[in-house]
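Engineer: TSV, C-alpha atoms, file data_30.tsv:
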chain	number	residue	atom	x	y	z
A	966	MET	CA	3.20	-22.48	-11.11
A	967	LYS	CA	4.83	-19.68	-13.14
A	968	ILE	CA	3.52	-16.27	-12.06
A	969	LEU	CA	4.21	-12.94	-13.76
A	970	ILE	CA	3.58	-9.90	-11.54
A	971	THR	CA	3.17	-6.57	-13.33
A	972	SER	CA	3.48	-3.22	-11.56
A	973	ASP	CA	4.23	0.38	-12.57
A	974	TRP	CA	6.14	0.63	-9.28
A	975	TYR	CA	8.91	-1.62	-8.00
A	976	TYR	CA	12.09	-1.53	-5.95
A	977	PRO	CA	14.01	0.77	-5.37
A	978	VAL	CA	10.77	2.80	-5.14
A	979	VAL	CA	9.23	2.21	-1.71
A	980	ASN	CA	5.46	2.47	-1.27
A	981	GLY	CA	2.56	0.23	-0.25
A	982	VAL	CA	2.25	-1.42	-3.66
A	983	VAL	CA	5.97	-2.22	-3.83
A	984	ARG	CA	6.07	-3.64	-0.31
A	985	SER	CA	3.04	-5.79	-1.13
A	986	VAL	CA	4.68	-7.12	-4.31
A	987	LEU	CA	7.99	-7.83	-2.59
A	988	ASN	CA	6.30	-9.73	0.24
A	989	LEU	CA	4.10	-11.72	-2.14
A	990	LYS	CA	6.99	-12.60	-4.43
A	991	GLU	CA	9.12	-13.82	-1.54
A	992	TYR	CA	6.29	-15.96	-0.13
A	993	LEU	CA	5.43	-17.53	-3.49
A	994	GLU	CA	9.05	-18.39	-4.19
A	995	LYS	CA	9.35	-20.07	-0.81
A	996	GLN	CA	6.40	-22.24	-1.81
A	997	GLY	CA	8.28	-23.38	-4.93
A	998	HIS	CA	6.61	-21.12	-7.53
A	999	GLU	CA	8.57	-19.31	-10.25
A	1000	VAL	CA	7.90	-15.56	-10.06
A	1001	LYS	CA	9.04	-12.76	-12.34
A	1002	VAL	CA	8.18	-9.06	-12.31
A	1003	LEU	CA	7.43	-6.71	-15.21
A	1004	THR	CA	7.80	-3.05	-14.24
A	1005	LEU	CA	8.85	0.39	-15.52
A	1006	SER	CA	12.40	1.64	-15.75
A	1007	ASP	CA	13.17	5.09	-14.32
A	1008	SER	CA	14.58	6.08	-17.72
A	1009	ILE	CA	13.85	5.48	-21.42
A	1010	THR	CA	16.15	2.43	-21.34
A	1011	SER	CA	14.75	-1.08	-21.01
A	1012	PHE	CA	16.82	-3.75	-19.28
A	1013	THR	CA	16.60	-6.98	-17.29
A	1014	SER	CA	17.96	-7.50	-13.78
A	1015	GLU	CA	17.78	-11.07	-12.50
A	1016	ASP	CA	14.06	-11.94	-12.56
A	1017	VAL	CA	12.77	-8.40	-13.16
A	1018	TYR	CA	11.97	-6.91	-16.58
A	1019	TYR	CA	12.34	-3.10	-16.60
A	1020	ILE	CA	10.55	-1.30	-19.47
A	1021	GLY	CA	11.82	2.11	-20.63
A	1022	SER	CA	9.34	4.85	-19.76
A	1023	LEU	CA	8.73	8.59	-19.78
A	1024	SER	CA	7.83	10.91	-16.91
A	1025	ALA	CA	4.12	11.70	-16.53
A	1026	LYS	CA	4.34	14.09	-13.59
A	1027	LYS	CA	1.74	16.40	-15.15
A	1028	ILE	CA	-0.80	13.61	-14.62
A	1029	TYR	CA	0.43	12.50	-11.21
A	1030	PRO	CA	3.65	13.31	-9.32
A	1031	GLU	CA	6.39	10.68	-9.83
A	1032	ALA	CA	4.27	8.77	-12.37
A	1033	ARG	CA	5.83	7.25	-15.51
A	1034	VAL	CA	4.17	5.91	-18.64
A	1035	THR	CA	4.81	3.80	-21.70
A	1036	ASN	CA	2.78	1.57	-23.99
A	1037	ILE	CA	5.62	-0.30	-25.65
A	1038	LEU	CA	6.77	-3.70	-24.41
A	1039	ALA	CA	10.42	-4.24	-25.31
A	1040	LYS	CA	10.76	-6.97	-27.96
A	1041	THR	CA	13.53	-8.74	-26.06
A	1042	HIS	CA	11.31	-8.88	-22.95
A	1043	LEU	CA	8.36	-10.10	-25.02
A	1044	ARG	CA	10.42	-12.95	-26.45
A	1045	ALA	CA	11.78	-13.87	-23.01
A	1046	ILE	CA	8.32	-13.91	-21.41
A	1047	ARG	CA	6.84	-15.98	-24.25
A	1048	LYS	CA	9.69	-18.47	-23.90
A	1049	TRP	CA	9.18	-18.64	-20.11
A	1050	GLU	CA	5.43	-19.36	-20.56
A	1051	PRO	CA	3.81	-18.00	-17.39
A	1052	ASP	CA	0.58	-19.64	-16.18
A	1053	ILE	CA	-1.04	-16.48	-14.85
A	1054	ILE	CA	-0.50	-12.73	-14.59
A	1055	HIS	CA	-1.07	-10.83	-11.35
A	1056	SER	CA	-1.41	-7.13	-12.21
A	1057	GLN	CA	-0.85	-4.49	-9.52
A	1058	CYS	CA	-1.43	-1.19	-11.39
A	1059	GLU	CA	-4.10	0.07	-13.77
A	1060	PHE	CA	-1.93	2.00	-16.20
A	1061	SER	CA	1.13	1.21	-18.35
A	1062	THR	CA	1.98	-2.26	-17.10
A	1063	PHE	CA	-1.67	-3.31	-17.21
A	1064	ILE	CA	-1.76	-2.54	-20.94
A	1065	MET	CA	1.22	-4.87	-21.31
A	1066	ALA	CA	-0.34	-7.47	-19.01
A	1067	LYS	CA	-3.52	-7.55	-21.07
A	1068	ALA	CA	-1.55	-7.87	-24.31
A	1069	LEU	CA	0.45	-10.76	-22.84
A	1070	SER	CA	-2.70	-12.40	-21.50
A	1071	LYS	CA	-4.23	-12.37	-24.98
A	1072	LEU	CA	-1.02	-13.52	-26.66
A	1073	LEU	CA	-0.33	-16.36	-24.21
A	1074	ASN	CA	-4.00	-17.17	-23.56
A	1075	ILE	CA	-3.68	-16.99	-19.77
A	1076	PRO	CA	-5.82	-15.31	-17.08
A	1077	ILE	CA	-5.25	-12.01	-15.30
A	1078	VAL	CA	-5.84	-11.47	-11.59
A	1079	HIS	CA	-5.62	-7.82	-10.59
A	1080	THR	CA	-5.21	-6.14	-7.20
A	1081	TYR	CA	-7.13	-2.86	-6.90
A	1082	HIS	CA	-4.85	-0.93	-4.51
A	1083	THR	CA	-6.12	2.62	-4.93
A	1084	VAL	CA	-9.50	4.27	-4.39
A	1085	TYR	CA	-9.21	6.75	-7.24
A	1086	GLU	CA	-12.23	8.73	-6.03
A	1087	ASP	CA	-9.85	10.31	-3.52
A	1088	TYR	CA	-7.34	11.29	-6.20
A	1089	THR	CA	-9.59	13.13	-8.68
A	1090	HIS	CA	-8.02	16.47	-7.71
A	1091	TYR	CA	-5.00	15.47	-9.80
A	1092	PHE	CA	-6.99	15.59	-13.05
A	1093	THR	CA	-10.16	17.64	-12.43
A	1094	SER	CA	-11.45	20.28	-10.03
A	1095	HIS	CA	-14.98	18.85	-10.23
A	1096	LYS	CA	-15.34	16.03	-7.70
A	1097	LYS	CA	-18.62	14.60	-9.05
A	1098	ILE	CA	-17.33	14.48	-12.60
A	1099	GLY	CA	-14.13	12.88	-11.36
A	1100	VAL	CA	-16.00	10.15	-9.51
A	1101	LYS	CA	-18.15	9.37	-12.56
A	1102	LEU	CA	-15.04	9.06	-14.72
A	1103	VAL	CA	-13.40	6.80	-12.15
A	1104	ALA	CA	-16.50	4.59	-11.94
A	1105	LYS	CA	-16.76	4.24	-15.71
A	1106	ALA	CA	-13.05	3.52	-16.14
A	1107	SER	CA	-13.00	1.00	-13.28
A	1108	LYS	CA	-15.96	-0.90	-14.72
A	1109	ALA	CA	-14.36	-1.05	-18.18
A	1110	PHE	CA	-11.06	-2.09	-16.63
A	1111	SER	CA	-12.61	-4.85	-14.51
A	1112	ASP	CA	-14.22	-6.37	-17.59
A	1113	LEU	CA	-10.70	-7.15	-18.83
A	1114	CYS	CA	-9.77	-9.14	-15.70
A	1115	ASN	CA	-10.73	-12.60	-14.50
A	1116	TYR	CA	-10.72	-11.60	-10.83
A	1117	ILE	CA	-10.21	-8.38	-8.88
A	1118	ILE	CA	-8.51	-8.63	-5.48
A	1119	VAL	CA	-9.46	-5.92	-2.98
A	1120	PRO	CA	-7.95	-5.56	0.49
A	1121	THR	CA	-11.04	-4.52	2.44
A	1122	GLU	CA	-14.83	-4.55	2.48
A	1123	LYS	CA	-14.63	-0.78	1.94
A	1124	THR	CA	-13.05	-1.23	-1.48
A	1125	SER	CA	-15.37	-4.10	-2.34
A	1126	GLU	CA	-18.44	-1.94	-1.73
A	1127	ILE	CA	-16.99	0.90	-3.80
A	1128	LEU	CA	-16.38	-1.41	-6.77
A	1129	LYS	CA	-19.86	-2.88	-6.47
A	1130	SER	CA	-21.24	0.66	-6.67
A	1131	TYR	CA	-19.45	0.91	-10.04
A	1132	GLN	CA	-21.62	-2.02	-11.22
A	1133	ILE	CA	-18.71	-4.47	-11.09
A	1134	SER	CA	-19.88	-8.06	-10.60
A	1135	PRO	CA	-19.60	-9.20	-6.94
A	1136	GLU	CA	-18.54	-12.67	-8.16
A	1137	LYS	CA	-15.43	-11.14	-9.69
A	1138	ILE	CA	-14.37	-9.38	-6.47
A	1139	LYS	CA	-12.30	-11.26	-3.88
A	1140	ILE	CA	-11.33	-9.72	-0.52
A	1141	ILE	CA	-7.74	-10.58	0.47
A	1142	ALA	CA	-6.02	-8.34	3.02
A	1143	THR	CA	-2.44	-7.60	2.02
A	1144	GLY	CA	0.01	-9.18	4.44
A	1145	VAL	CA	3.08	-7.69	6.09
A	1146	LYS	CA	6.20	-9.30	7.47
A	1147	ILE	CA	5.97	-9.56	11.23
A	1148	PRO	CA	9.18	-7.90	12.44
A	1149	GLU	CA	11.44	-8.89	15.29
A	1150	LEU	CA	11.46	-6.52	18.25
A	1151	TYR	CA	14.74	-4.66	18.69
A	1152	GLU	CA	16.54	-4.67	22.01
A	1153	GLU	CA	18.97	-1.90	21.10
A	1154	ASP	CA	18.64	1.74	22.13
A	1155	LEU	CA	16.98	2.80	18.89
A	1156	ARG	CA	16.24	6.37	19.91
A	1157	SER	CA	19.91	7.04	20.53
A	1158	GLU	CA	20.80	5.40	17.20
A	1159	LEU	CA	18.28	7.52	15.31
A	1160	GLY	CA	19.02	10.75	17.17
A	1161	ILE	CA	15.62	10.94	18.89
A	1162	SER	CA	15.38	12.33	22.44
A	1163	LYS	CA	14.88	9.66	25.10
A	1164	ASN	CA	12.80	12.04	27.19
A	1165	LYS	CA	10.14	12.70	24.57
A	1166	LYS	CA	6.87	10.92	23.84
A	1167	VAL	CA	6.99	10.25	20.12
A	1168	LEU	CA	4.08	10.65	17.71
A	1169	LEU	CA	4.87	9.18	14.29
A	1170	TYR	CA	3.50	9.52	10.79
A	1171	LEU	CA	5.20	7.15	8.38
A	1172	GLY	CA	4.21	6.88	4.73
A	1173	ARG	CA	3.93	8.70	1.46
A	1174	LEU	CA	3.58	12.48	1.66
A	1175	ALA	CA	0.78	13.52	-0.68
A	1176	GLU	CA	-2.13	15.95	-0.57
A	1177	GLU	CA	-4.77	13.24	-0.08
A	1178	LYS	CA	-3.03	11.99	3.09
A	1179	ASN	CA	-4.37	15.01	5.04
A	1180	ILE	CA	-1.12	15.46	6.97
A	1181	GLU	CA	-1.85	19.13	7.68
A	1182	GLU	CA	-4.49	17.94	10.15
A	1183	LEU	CA	-1.88	16.01	12.10
A	1184	ILE	CA	0.38	19.07	12.18
A	1185	ASP	CA	-2.50	21.24	13.39
A	1186	PHE	CA	-3.48	18.75	16.09
A	1187	TYR	CA	0.10	18.41	17.30
A	1188	GLN	CA	0.35	22.17	17.71
A	1189	LYS	CA	-2.89	22.20	19.72
A	1190	LEU	CA	-1.86	19.43	22.11
A	1191	ASP	CA	-1.13	20.95	25.52
A	1192	ARG	CA	1.96	18.83	26.07
A	1193	ALA	CA	5.61	19.84	26.20
A	1194	ASP	CA	6.81	16.23	26.37
A	1195	THR	CA	5.94	15.17	22.82
A	1196	GLU	CA	7.79	15.16	19.51
A	1197	PHE	CA	6.13	14.66	16.12
A	1198	ILE	CA	8.19	12.75	13.56
A	1199	ILE	CA	7.23	12.49	9.89
A	1200	VAL	CA	9.01	9.76	7.94
A	1201	GLY	CA	8.67	9.46	4.18
A	1202	GLY	CA	8.90	11.35	0.92
A	1203	GLY	CA	6.56	12.34	-1.85
A	1204	PRO	CA	5.23	15.22	-3.90
A	1205	TYR	CA	3.92	17.11	-0.87
A	1206	LEU	CA	7.07	17.14	1.27
A	1207	GLU	CA	8.20	20.70	0.56
A	1208	LYS	CA	4.66	22.09	0.92
A	1209	LEU	CA	4.35	20.42	4.34
A	1210	LYS	CA	7.68	21.80	5.46
A	1211	GLU	CA	6.56	25.27	4.42
A	1212	TYR	CA	3.18	24.80	6.12
A	1213	SER	CA	4.80	23.72	9.41
A	1214	LYS	CA	6.81	26.97	9.57
A	1215	ASN	CA	3.58	28.73	10.57
A	1216	PHE	CA	3.67	27.07	14.00
A	1217	LYS	CA	5.84	27.29	17.09
A	1218	LYS	CA	6.32	23.56	17.67
A	1219	ASN	CA	8.97	22.05	15.45
A	1220	ILE	CA	8.13	19.07	13.21
A	1221	ASN	CA	10.89	16.51	12.64
A	1222	PHE	CA	10.85	15.73	8.90
A	1223	VAL	CA	13.09	12.69	8.54
A	1224	GLY	CA	12.48	12.15	4.82
A	1225	MET	CA	12.94	8.84	3.04
A	1226	VAL	CA	14.67	6.12	5.03
A	1227	ASN	CA	16.23	2.78	4.14
A	1228	PRO	CA	13.43	0.15	4.05
A	1229	LYS	CA	15.50	-1.88	6.51
A	1230	ASP	CA	15.11	0.91	9.06
A	1231	VAL	CA	11.34	1.37	8.77
A	1232	ASN	CA	10.57	-0.96	11.69
A	1233	LYS	CA	13.03	0.93	13.88
A	1234	TYR	CA	11.00	4.11	13.45
A	1235	TYR	CA	7.78	2.32	14.31
A	1236	GLN	CA	9.37	0.88	17.43
A	1237	ILE	CA	10.75	4.19	18.75
A	1238	ALA	CA	7.25	5.68	18.50
A	1239	ASP	CA	4.72	5.70	21.31
A	1240	ILE	CA	1.84	6.35	18.90
A	1241	PHE	CA	1.47	5.91	15.14
A	1242	THR	CA	-1.00	8.44	13.76
A	1243	THR	CA	-2.59	9.23	10.41
A	1244	ALA	CA	-5.47	11.44	9.25
A	1245	SER	CA	-5.88	9.82	5.84
A	1246	THR	CA	-9.27	8.61	4.63
A	1247	SER	CA	-8.00	7.73	1.15
A	1248	GLU	CA	-6.67	4.28	2.05
A	1249	THR	CA	-8.03	1.08	0.59
A	1250	GLN	CA	-6.41	-0.66	3.53
A	1251	GLY	CA	-3.34	1.25	4.72
A	1252	LEU	CA	-0.35	-1.08	4.97
A	1253	THR	CA	1.15	1.36	7.44
A	1254	TYR	CA	-1.63	0.45	9.90
A	1255	TYR	CA	-0.64	-3.21	9.69
A	1256	GLU	CA	3.05	-2.39	9.94
A	1257	ALA	CA	2.59	-0.16	12.96
A	1258	LEU	CA	0.50	-2.72	14.84
A	1259	SER	CA	2.89	-5.55	13.96
A	1260	ASN	CA	5.69	-3.54	15.59
A	1261	GLY	CA	3.63	-3.20	18.76
A	1262	THR	CA	2.95	0.48	18.06
A	1263	ILE	CA	-0.40	1.84	19.23
A	1264	ALA	CA	-2.39	3.54	16.47
A	1265	VAL	CA	-4.55	6.67	16.70
A	1266	CYS	CA	-6.12	7.27	13.28
A	1267	ARG	CA	-8.91	9.27	11.72
A	1268	LYS	CA	-12.04	7.12	11.57
A	1269	ASP	CA	-12.53	5.42	8.21
A	1270	THR	CA	-14.20	2.25	6.94
A	1271	SER	CA	-10.79	0.91	5.90
A	1272	LEU	CA	-10.04	0.52	9.62
A	1273	GLU	CA	-12.89	-1.93	10.24
A	1274	ASN	CA	-11.48	-5.13	11.77
A	1275	VAL	CA	-8.06	-3.44	11.89
A	1276	LEU	CA	-8.22	-0.84	14.64
A	1277	ILE	CA	-10.39	-1.77	17.62
A	1278	ASP	CA	-11.05	1.10	20.03
A	1279	GLY	CA	-9.61	0.47	23.48
A	1280	PHE	CA	-7.95	-2.75	22.30
A	1281	ASN	CA	-5.05	-1.84	19.99
A	1282	GLY	CA	-5.63	1.88	19.51
A	1283	TYR	CA	-8.38	4.39	18.73
A	1284	SER	CA	-10.22	5.97	15.80
A	1285	TYR	CA	-10.98	9.68	16.19
A	1286	GLU	CA	-13.44	12.04	14.45
A	1287	ASN	CA	-12.31	15.42	15.81
A	1288	PHE	CA	-9.54	17.11	17.77
A	1289	ASP	CA	-11.19	16.64	21.18
A	1290	GLN	CA	-11.27	12.87	20.66
A	1291	TYR	CA	-7.73	12.89	19.31
A	1292	LYS	CA	-6.44	14.78	22.36
A	1293	THR	CA	-8.33	12.52	24.79
A	1294	TYR	CA	-6.90	9.34	23.26
A	1295	VAL	CA	-3.35	10.66	23.02
A	1296	ASP	CA	-3.40	11.86	26.64
A	1297	GLU	CA	-4.85	8.59	27.93
A	1298	ILE	CA	-2.26	6.49	26.10
A	1299	LEU	CA	0.72	8.60	27.14
A	1300	ASP	CA	-0.36	9.16	30.76
A	1301	ASP	CA	-1.77	5.74	31.71
A	1302	THR	CA	1.10	3.24	31.85
A	1303	ASP	CA	-1.15	0.20	32.30
A	1304	LEU	CA	-3.35	1.17	29.36
A	1305	TYR	CA	-0.28	1.86	27.23
A	1306	GLU	CA	1.20	-1.58	27.90
A	1307	LYS	CA	-2.13	-3.33	27.25
A	1308	LEU	CA	-2.70	-1.59	23.93
A	1309	LYS	CA	0.89	-2.17	22.86
A	1310	LYS	CA	0.71	-5.91	23.60
A	1311	ASN	CA	-2.65	-6.28	21.86
A	1312	ALA	CA	-1.45	-4.37	18.80
A	1313	ARG	CA	1.31	-6.85	18.06
A	1314	SER	CA	-0.58	-10.05	18.91
A	1315	TYR	CA	-3.58	-8.99	16.79
A	1316	ALA	CA	-1.34	-8.18	13.81
A	1317	ILE	CA	0.45	-11.53	14.03
A	1318	GLU	CA	-2.88	-13.35	13.97
A	1319	ASN	CA	-4.56	-11.35	11.20
A	1320	PHE	CA	-2.09	-9.55	8.91
A	1321	SER	CA	0.76	-11.94	8.14
A	1322	VAL	CA	2.31	-12.44	4.69
A	1323	GLU	CA	1.62	-16.17	5.00
A	1324	SER	CA	-2.14	-15.67	5.26
A	1325	PHE	CA	-2.10	-13.25	2.32
A	1326	GLY	CA	0.07	-15.51	0.17
A	1327	ARG	CA	-2.01	-18.65	0.73
A	1328	LYS	CA	-5.18	-16.87	-0.32
A	1329	CYS	CA	-3.50	-15.53	-3.48
A	1330	GLU	CA	-2.28	-19.04	-4.32
A	1331	ASP	CA	-5.80	-20.41	-4.00
A	1332	LEU	CA	-7.17	-17.70	-6.28
A	1333	TYR	CA	-4.45	-18.32	-8.88
A	1334	GLU	CA	-5.36	-22.00	-9.02
A	1335	LYS	CA	-9.05	-21.19	-9.29
A	1336	ALA	CA	-8.46	-18.68	-12.10
A	1337	VAL	CA	-6.18	-21.03	-14.07
A	1338	ASN	CA	-8.52	-24.01	-13.71
A	1339	GLU	CA	-11.57	-22.00	-14.77
A	1340	TYR	CA	-9.69	-20.40	-17.64
A	1341	ASP	CA	-8.46	-23.76	-18.93
A	1342	TYR	CA	-11.99	-25.09	-18.78
A	1343	GLU	CA	-13.59	-22.10	-20.46
A	1344	SER	CA	-10.90	-21.39	-23.06
A	1345	PRO	CA	-12.04	-22.28	-26.60
A	1346	SER	CA	-8.45	-22.64	-27.79
A	1347	ILE	CA	-6.89	-26.11	-27.78
A	1348	TYR	CA	-3.52	-24.51	-28.57
A	1349	LYS	CA	-3.18	-22.71	-25.21
A	1350	ARG	CA	0.45	-21.80	-24.48
A	1351	LEU	CA	1.77	-23.47	-27.67
Would you kindly transcribe this structure into structure tokens?

Structural biologist:
Amino acid sequence: MKILITSDWYYPVVNGVVRSVLNLKEYLEKQGHEVKVLTLSDSITSFTSEDVYYIGSLSAKKIYPEARVTNILAKTHLRAIRKWEPDIIHSQCEFSTFIMAKALSKLLNIPIVHTYHTVYEDYTHYFTSHKKIGVKLVAKASKAFSDLCNYIIVPTEKTSEILKSYQISPEKIKIIATGVKIPELYEEDLRSELGISKNKKVLLYLGRLAEEKNIEELIDFYQKLDRADTEFIIVGGGPYLEKLKEYSKNFKKNINFVGMVNPKDVNKYYQIADIFTTASTSETQGLTYYEALSNGTIAVCRKDTSLENVLIDGFNGYSYENFDQYKTYVDEILDDTDLYEKLKKNARSYAIENFSVESFGRKCEDLYEKAVNEYDYESPSIYKRL
């Protein structure tokens, strides 16, 4: 099968969408499929690099930090894609590259499967100060958008229920949890390599730094913990980095802002941590949860429906609702060696069983075949792909 993946974000950008696309592409290619990616260039210049089409784009940071937009598909790319004749398009973003994906779908008479990565209800502060108005706009736009797709992939029941509330047909929605690569466990002295004290208990936040991630809560909680043996490390970049650094200056305890790291080193940071923690409730799934658990890192996260069937209290971590719960869980994990080892072991084994790339990829393959077969059957054109 020939599969075109479209995404506004792609390598060298590193975020949940990009990691998902990279993992899916690698899996599909191992199964013998041909996969190409259509994405945005970080400049106005369009170019091709191996099996990736980069489309020239403009900055749209006034709409959303680090965003880029365009509505023009380079003619050379259009000719190359038509000549290649993909069987299906798997869209990953709802903006510029989706416009191109829909145009290609109509031109080539092929179906579109789309993954709904982001719960935009939690991002309305970027374009309006009125939450209710923002949610209504998101619901209307999502419904109109879904009508243009053959199937919508969502990672969790949480996202499925949200889309159903937008009056999107349940038959169109398919739940497929995004998979992560299960990493090898390092035997090296990673803390020494990364310059982290061996004597400290490490709390880790790893991910994009944005307002909706609620990272201030983690900083507040860390300051309130009555422990001198802990260090809080924040790994990642994003539009909120400088504001968080400024915010943390109000407290006595120092926060270790590592910044962006090489994707190859991400698992090292998970594995030097005693606890992975996040206060976000804006996740559709939270790939960082899967990544942390797959590295054998215990998770303590703010309670959210996206954690259902991911984080099991007392088994691989804990969900908290307030500081008192947060403190209790952190203290129990760090002070009870037997509990720590049990949770750590369960975290990795549960991730291997439930969140692998292989499981994710197989389910996507099945949906592609279903979409193509149904589309062939329903298409009125006898000249499909001529």

Engineer: Let me make sure I understand: among A:Ser1022, A:Val1017, A:Val978, A:Phe1063, which one has the smallest atom-to-atom distance to Ala1045 (chain A) if we use only C-alpha atoms?

Structural biologist: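 Checking each of A:Ser1022, A:Val1017, A:Val978, A:Phe1063 against Ala1045 (chain A), counting only C-alpha atoms, the winner is A:Val1017.
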
Engineer: Between CA of Lys1001 (chain A) and CA of His1042 (chain A), measure the distance and give it in Å to one decimal.

Structural biologist: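 Distance reported for this atom pair: 11.5 Å.
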
Engineer: Show me, as a short mmCIF file (atom, residue, chain, number, x, y, z; two decimals) with C-alpha atoms, keeping the file's coordinate frame, the residues that have an atom within 9 Å of Ile1037 (chain A) when counting all atoms listed in the file, minus same-chain residues fewer than 4 positions from it.

Structural biologist:
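Saved the output as result-v8.cif:
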data_model
loop_
_atom_site.label_atom_id
_atom_site.label_comp_id
_atom_site.auth_asym_id
_atom_site.auth_seq_id
_atom_site.Cartn_x
_atom_site.Cartn_y
_atom_site.Cartn_z
CA ILE A 1020 10.55 -1.30 -19.47
CA GLY A 1021 11.82 2.11 -20.63
CA SER A 1022 9.34 4.85 -19.76
CA SER A 1061 1.13 1.21 -18.35
CA MET A 1065 1.22 -4.87 -21.31
#

Engineer: May I have a table of the residues of region 1051-1160 of chain A lying at most 12 Å from region 1275-1280 of chain A, giving each one's closest pair of atoms and their distance in Å to one decimal, counting all atoms listed in the file, ordered by chain and ascending residue number, as a tab-separated table?

Structural biologist:
residue	atom	partner	partner_atom	distance
A:Pro1120	CA	A:Val1275	CA	11.6
A:Thr1121	CA	A:Val1275	CA	10.0
A:Glu1122	CA	A:Val1275	CA	11.6
A:Ala1142	CA	A:Val1275	CA	10.3

Engineer: Residues within 9 Å of Tyr1085 (chain A), please, as a PyMOL selection string. Count all atoms listed in the file; anything in the same chain fewer than 6 positions from it doesn't count.

Structural biologist: chain A and resi 1099-1100+1103-1104+1247

Engineer: What is the CA of Asn1164 (chain A)-CA of Gly1224 (chain A) distance in Å, reported with one decimal?

Structural biologist: 22.4 Å

Engineer: With distances taken over only C-alpha atoms, which of A:Tyr1235, A:Phe1197, A:Tyr1255, A:Phe1288 is nearest to Glu1182 (chain A)?

Structural biologist: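 Of the candidates, the smallest distance to Glu1182 (chain A) is held by A:Phe1288.
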
Engineer: Tell me which of A:Phe1186, A:Tyr1081, A:Phe1012, A:Phe1110 sits closest to Lys1292 (chain A), counting only C-alpha atoms.

Structural biologist: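 Using only C-alpha atoms, the shortest distance to Lys1292 (chain A) belongs to A:Phe1186.
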
Engineer: Could you check how far CA of Met1225 (chain A) sits from CA of Lys1208 (chain A), in Å to one decimal?

Structural biologist: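 Distance reported for this atom pair: 15.8 Å.
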
Engineer: What's the 12 Å shell around Cys1329 (chain A), counting only C-alpha atoms, without same-chain residues fewer than 3 positions away, as a ChimeraX atom specification?

Structural biologist: /A:968,985-986,988-990,992-993,1053-1055,1078-1080,1116-1120,1139-1144,1322-1326,1332-1336

Engineer: Would you mind telling me which residue in A:Asp1194, A:Glu1256, A:Glu1086, A:Glu1176 lies nearest to Leu1206 (chain A) when using all atoms listed in the file?

Structural biologist: A:Glu1176

Engineer: For region 1299-1315 of chain A, please output as a PDB file with C-alpha atoms, keeping the file's coordinate frame all residues within 7 Å (counting all atoms listed in the file; exclusion window: fewer than 6 positions along the same chain).

Structural biologist:
ATOM      1  CA  LEU A1258       0.500  -2.720  14.840  1.00  0.00           C
ATOM      2  CA  SER A1259       2.890  -5.550  13.960  1.00  0.00           C
ATOM      3  CA  ASN A1260       5.690  -3.540  15.590  1.00  0.00           C
ATOM      4  CA  GLY A1261       3.630  -3.200  18.760  1.00  0.00           C
ATOM      5  CA  THR A1262       2.950   0.480  18.060  1.00  0.00           C
ATOM      6  CA  ILE A1263      -0.400   1.840  19.230  1.00  0.00           C
ATOM      7  CA  PHE A1280      -7.950  -2.750  22.300  1.00  0.00           C
ATOM      8  CA  ASN A1281      -5.050  -1.840  19.990  1.00  0.00           C
ATOM      9  CA  GLY A1282      -5.630   1.880  19.510  1.00  0.00           C
TER      10      GLY A1282
END

Engineer: Check the smallest atom-to-atom distance from each of A:Arg984, A:Lys1233, A:Arg1033, A:Lys1166 to Ser1008 (chain A) using all atoms listed in the file, then report the winner.

Structural biologist: A:Arg1033

Engineer: Asp1185 (chain A): which residues within 10 Å, counting only C-alpha atoms, same-chain residues fewer than 6 positions away excluded, as a PyMOL selection string?

Structural biologist: chain A and resi 1212-1213+1216+1288
